[in-house]
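Chemist: Shown below is the structure under consideration.
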Protein chains: 2
Amino acid sequence: MTRTIEISRLFDPSSIAVVGASTTEGKIGYEAMENVRDFEGPVYPVNPSREGEIFGESFVGSIGAIDDDVDLALLCVPASVVPDTIEECGEAGVGAAVIYAGGFAEAGEDGRELQRRITASATEHGIALLGPNTSGFVVPDEGLYASFATGVEDVPAGGLAVIAQSGGIAHSVAFRAVNERRGLSAMVGLGNRANVGFEEAIDYFDSDPSTSAIALHLEGTDDARSLLETCYDAETPVFAYKVGTADVSDFAESHTGALTGDHALYEAGFAQYGVPTVESTSQLLDAGHLAATAPLPRGTNVGIVTAQAGPGIVIADRLKQAGVSLPSLSEETTERVTEILPGITYAANPVDTGRPMPAFGDVVRAVAEDTNVDAVVVYELHEAALGFPVDALDGLAEETGKPVLFATAAPHSQMEADRTALEEIGVSVFESPEDVADAMVALAEYARVSASAAPAGVSTR
Amino acid sequence: MTRTIEISRLFDPSSIAVVGASTTEGKIGYEAMENVRDFEGPVYPVNPSREGEIFGESFVGSIGAIDDDVDLALLCVPASVVPDTIEECGEAGVGAAVIYAGGFAEAGEDGRELQRRITASATEHGIALLGPNTSGFVVPDEGLYASFATGVEDVPAGGLAVIAQSGGIAHSVAFRAVNERRGLSAMVGLGNRANVGFEEAIDYFDSDPSTSAIALHLEGTDDARSLLETCYDAETPVFAYKVGTADVSDFAESHTGALTGDHALYEAGFAQYGVPTVESTSQLLDAGHLAATAPLPRGTNVGIVTAQAGPGIVIADRLKQAGVSLPSLSEETTERVTEILPGITYAANPVDTGRPMPAFGDVVRAVAEDTNVDAVVVYELHEAALGFPVDALDGLAEETGKPVLFATAAPHSQMEADRTALEEIGVSVFESPEDVADAMVALAEYARVSASAAPAGVSTR
C-alpha cells in the first residue's frame, strides 16, 4: 500500500536525522549537522561507525535505532548508499528526505535508473524526496537550515519563498538576500525533483501563511503545462527566471537532468498564465521582495522623482525600453510640485529636483498621490546632512496602495542607519539606477500579465 | 590675448580656493569645504560676509585678496554671481574652476547665453571650467575631493578614471566603487562641458600615469566624431555607457543641455573606433576595473569553471546570448582536469566540479592554460572550511596573460577575509552570475572591436 506524501514533514518537521553525520569539518555530513544544531526539535546524528557526540548530540547507529518518529532525514551519503538508506527510512516511518548526492538523473542512463528506483521506493513509503543533487533548503523563521552550505543561518526571515531548480542558484539568491537584507520565508533548491517538484513546492508555499510572494528559478521541466497551471492556481504572486536562452541544453541536462526547452515558448506561457519573467537572479530577488513587502501596482504607469538628473535619465530610459509608460502628471500634481519647489529643474515626469533637499519627500508624496501613476521610482544620492525622507515616505505605500521604490548610492557605512530607517517603514532600497528600473519593470510586467492571464484549455481554478 | 588652458591646474592643483565657503552644514559651500579640508596644498575659504575660520582656515574676502597663485577655484555660488566670479578669477590668475550651480545651458535660451558668456570669459583668461551643473570630481591618490557630496573621501585609489557627463552618475559609480572596493584614479562629472569636455578629460587621463583604463558615461554630444577620434587616439582602453535608447531627449536636454542623438549610431560609432559599449553603471565599473587591473583578453573565447552547475548555466547562457564563444577545451586540458578530479561531473566547457574542493583552483589553472581560451570565468559559492583558491590563482593572470574573473556568493561577513586575499593577488570578485558574465561580455567586446577598429576618414593616430 502506497502511503500519502506529506510535504509538511519536509518543510515543517518536528524532528531531524542527519544520516552520515561526520566530525570532519568541510564534509557534507559535518556542515549539514552544524547547520541544524540549533533546530528547536530533536536532532539525531546517524553514523554506524561513529561513537560519542557531535554538537552535543549522541551518534545513533542507524535510522531504525532512533526511538522517535523522524520527520526529516538529511542524507549525507554517497549515491550508491542512497537506495538502502531510503528503504531504511521507509521502514522507520521517516516522512521526508533530502538527498544531497549527485549521480542520479543528471548522470546518464545508469543514474536515471537509480533515480527511478529510489523515487518508486520513497513514494511507496510516503517519503517526500527533495533532490537528489541539491544543496537543500532553509526556512529561516523556523530556524531550519537543511543545507550543507556555510552562512545560511544568516538568511533573514521574511515573506519571499525562493524555489530554484538549482541548489547553487537558490543559495546564490539567498546570500544576496543576506547582503541586501531582503527577508525570505524559505529557500529551496529542488535539484533532480524525484517526487518534490515545482508543483509540490509552489502549492506548499502558496498555502504557507508566512509566504507573500514566490520567486521561481527554472532551467526546464518535462511538464511545463502542469507547472504553469500550478502558478496560475496559486493565490500568491509568482515571478519566474527561466534560464537557457542560448543553447546550453547539454550542460543543463548534465545538471538536474532537465531539458531547457524553448525559451520563447516558456516566456509566452508564463505570461499567458499570469507569471512575469525576469532576466537575472538580482531582478528575481528584488521583484519578489517588493511583491512580498509592498502593494503590487494596479497598472503600468510609473512616476519618477529624482534628485540627480543623470540616474533619472537612466531609469526613464530603461523603463521606456521595457515598454513601461511614464505618463504626464496631472495639472494638480505639477502645481503642487511647483509650489513645493519654485523654480524646480524639471517638473514633468521624471520630476528632477536638481539636488536633495528637505522637501524632497514631499515631492515624492505629491507624485505618488497622482491618479495617473501606479508606482513611484525615486533616486537620491545619500547626503549625510539630509539623510533619507523617512517621515514623508512613512505609510505612503499603504495610503496610496502603490509601491514606492527607492534607489540611492553612498558608502555603506555612511547610509547604514538611514537605510535601516527606510527599510523599517517598508521601503525597499536599491543601489543602482538599473537595479531599481529592472525591479520596477518586473512589477509592471506583473500588472500587465496578471490582468490578462487566461490559461489554455480547462483551468483547475 | 587669450591664455592657454592648462587642464593640469584643474585635476592636479597646488592650491584651492572655495568661493562661497559656508559654515552652514548641508550647504554646498560647507560640504565642498569639508571635502577639501585635508588637501595637502593651501586651501582658501572665500566669502566677503564671513569672518573667522572654517576647518582651521581663515576666511578671505575675495579671490583677489589671496596672496598666492590659486590653481583651482570651487565656485559654490548661485548662477547669477558666476560671471563676475569668473572675471575675478581671471584677474587673479586662477587656472581652473568648478561651477556647481545649474541654470546654464540646460535651462533654456537665457541659460545658454549665460553659459556662452562665462565660457568666453574663462577661455580668454585661460581658465579650465568644469561644469556648470556638476557635482565635481575627485582624484583619490592626491587626496583631492573637489565635490560637494558626502562620502567621496572613501573612494579607494586605483587605476580606473570614471568620466561621466552626469555628476550624479559619476558619484553613483564612485560610491559603488567604494562598496565593491574597486579603486579609481579619478571620478569626474563633466556637467555642461563649458570648456572641459569629453575630449579634454580623456586626453588628460590618457596621459595620467595612474590611469590604466577609462570608463565613460555619455548622454549625448554635438560633436560625436571628435569624441570618437579622441577615444581612438587614446592609448588607454576606454569603455563607454551610452544612455538614451528610448526617447528621453527632452529630459536629457534639461539635464546637461545635450541632445541624446541616435543610440544605434553611437554604438556603431564606438565599435568602429575601438570602444566597447556597456549597458549599465555596474557593467561600466566592473569592465573598467578589470581593464585597469588584469590583462585584456586577446580574443573572445571564454572558459568557464564552476563548482555549482546552476550559476554556471546562467553564465554560459548569458555569454552565448551576447555572442561570446565557449570553445571546446583541448584534449590535454580535458585529460588534466579528469586527472585532478576523476569522475568529475562535467569536464567540457563549462567545467563543473560538482562542489567546491581543495583541487578547485588547480582546475581553474588547467583551463586558464588552455590555448583555446582567452579568458576564464569562475563561479564558486564560498564555503567557510575551504575559503577561496588564493594560492592556485596567485600569478595566474600574469603567467597566462589572460583575465581570471571570480564570482561567488556568501554573507559578506563570512567571506570578507578570503575576498580580500583574492583581491590582493589581483583577482576581481563579483557577487552574481549575471554580473560576472556582463563584465566578461564587455572584455570580449573590447577584444572584438579593438582588433577591427578603423576610424572613418583621416585619423590623427
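Lettering and numbering for the C-alpha cells are positional, with chains as A, B, ... in the shown order, residues counted from 1 in each chain, and ligands counted from 1 in the shown order.
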Using the chain letters and numbers from this document, which residues of range 336-384 of chain A does DSSP assign to strand (DSSP E), as JSON, numbers by chain?

Modeler: {"A": [351, 352, 375, 376, 377, 378, 379]}

Chemist: Output the selection as a tab-separated table (two decimals), in the first residue's frame - C-alpha atoms for each residue.

Modeler:
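Result file follows (part_2.tsv):
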chain	number	residue	atom	x	y	z
A	351	VAL	CA	10.45	65.17	-11.71
A	352	ASP	CA	14.03	66.40	-11.23
A	375	ALA	CA	4.00	53.20	-8.83
A	376	VAL	CA	6.83	55.59	-7.95
A	377	VAL	CA	10.56	55.17	-8.50
A	378	VAL	CA	12.81	57.51	-6.50
A	379	TYR	CA	16.51	58.23	-6.94

Chemist: Applying 9 Å and only C-alpha atoms, which residues near Gln272 in chain A remain after dropping the ones on its own chain fewer than 6 positions away? List them as an NGL selection string.

Modeler: :A and (228 or 449-450 or 452-456)

Chemist: Hey, could you make a per-residue contact list for chain A against chain B with 7 Å as the cut-off, showing the nearest pair of atoms and its distance in Å to one decimal, counting only C-alpha atoms, sorted by chain and number, as a tab-separated table?

Modeler:
residue	atom	partner	partner_atom	distance
A:Glu25	CA	B:Ala385	CA	6.7
A:Gly26	CA	B:Ala385	CA	5.3
A:Ala149	CA	B:Glu383	CA	6.5
A:Thr150	CA	B:Glu383	CA	5.6
A:Gly151	CA	B:Pro411	CA	6.2
A:Ser166	CA	B:Gly310	CA	5.1
A:Gly168	CA	B:Gln308	CA	5.3
A:Ile169	CA	B:Gly310	CA	5.6
A:Ser172	CA	B:Ala409	CA	5.4
A:Phe175	CA	B:Ala410	CA	5.1
A:Val178	CA	B:Pro411	CA	6.0
A:Asn179	CA	B:Pro411	CA	6.0
A:Val243	CA	B:Val314	CA	6.3
A:Gly244	CA	B:Asp317	CA	5.7
A:Thr245	CA	B:Asp317	CA	6.3
A:Ala246	CA	B:Asp317	CA	5.3
A:Val248	CA	B:Asp317	CA	6.2
A:Ala252	CA	B:Ile313	CA	6.5
A:His255	CA	B:Ala309	CA	5.9
A:Ser280	CA	B:Glu434	CA	6.4
A:Gln308	CA	B:Gly168	CA	5.3
A:Ala309	CA	B:His255	CA	5.9
A:Gly310	CA	B:Ser166	CA	5.1
A:Pro311	CA	B:Ile169	CA	5.8
A:Ile313	CA	B:Ala252	CA	6.5
A:Val314	CA	B:Val243	CA	6.3
A:Asp317	CA	B:Ala246	CA	5.3
A:Lys320	CA	B:Ala246	CA	5.9
A:Gln321	CA	B:Ala246	CA	5.6
A:Glu383	CA	B:Thr150	CA	5.6
A:Ala384	CA	B:Thr150	CA	6.0
A:Ala385	CA	B:Gly26	CA	5.3
A:Ala409	CA	B:Ser172	CA	5.4
A:Ala410	CA	B:Phe175	CA	5.0
A:Pro411	CA	B:Phe175	CA	5.6
A:His412	CA	B:Asn179	CA	6.5
A:Gln414	CA	B:Gly151	CA	6.8
A:Glu434	CA	B:Ser280	CA	6.4

Chemist: Per DSSP on the backbone, filter range 350-398 of chain A down to the residues in helix (DSSP H, G or I) and report them as a list of chain:residue names.

Modeler: A:Phe360, A:Gly361, A:Asp362, A:Val363, A:Val364, A:Arg365, A:Ala366, A:Val367, A:Ala368, A:Val390, A:Asp391, A:Ala392, A:Leu393, A:Leu396, A:Ala397, A:Glu398

Chemist: When you look at Gly56 in chain A with a cut-off of 12 Å (counting only C-alpha atoms), what residues show up, excluding the ones that are within fewer than 5 positions of it in the same chain? I need them as a VMD selection string.

Modeler: chain A and resid 23 33 to 34 36 to 38 42 to 45

Chemist: Determine, counting only C-alpha atoms, which protein, DNA and RNA residues have an atom within 8 Å of an atom of Thr2 in chain A; residues of the same chain fewer than 5 positions away are not included. Present the result as a list of chain:residue names.

Modeler: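 Non-adjacent residues within range: A:Thr123, A:Glu124, A:His125, A:Gly126.
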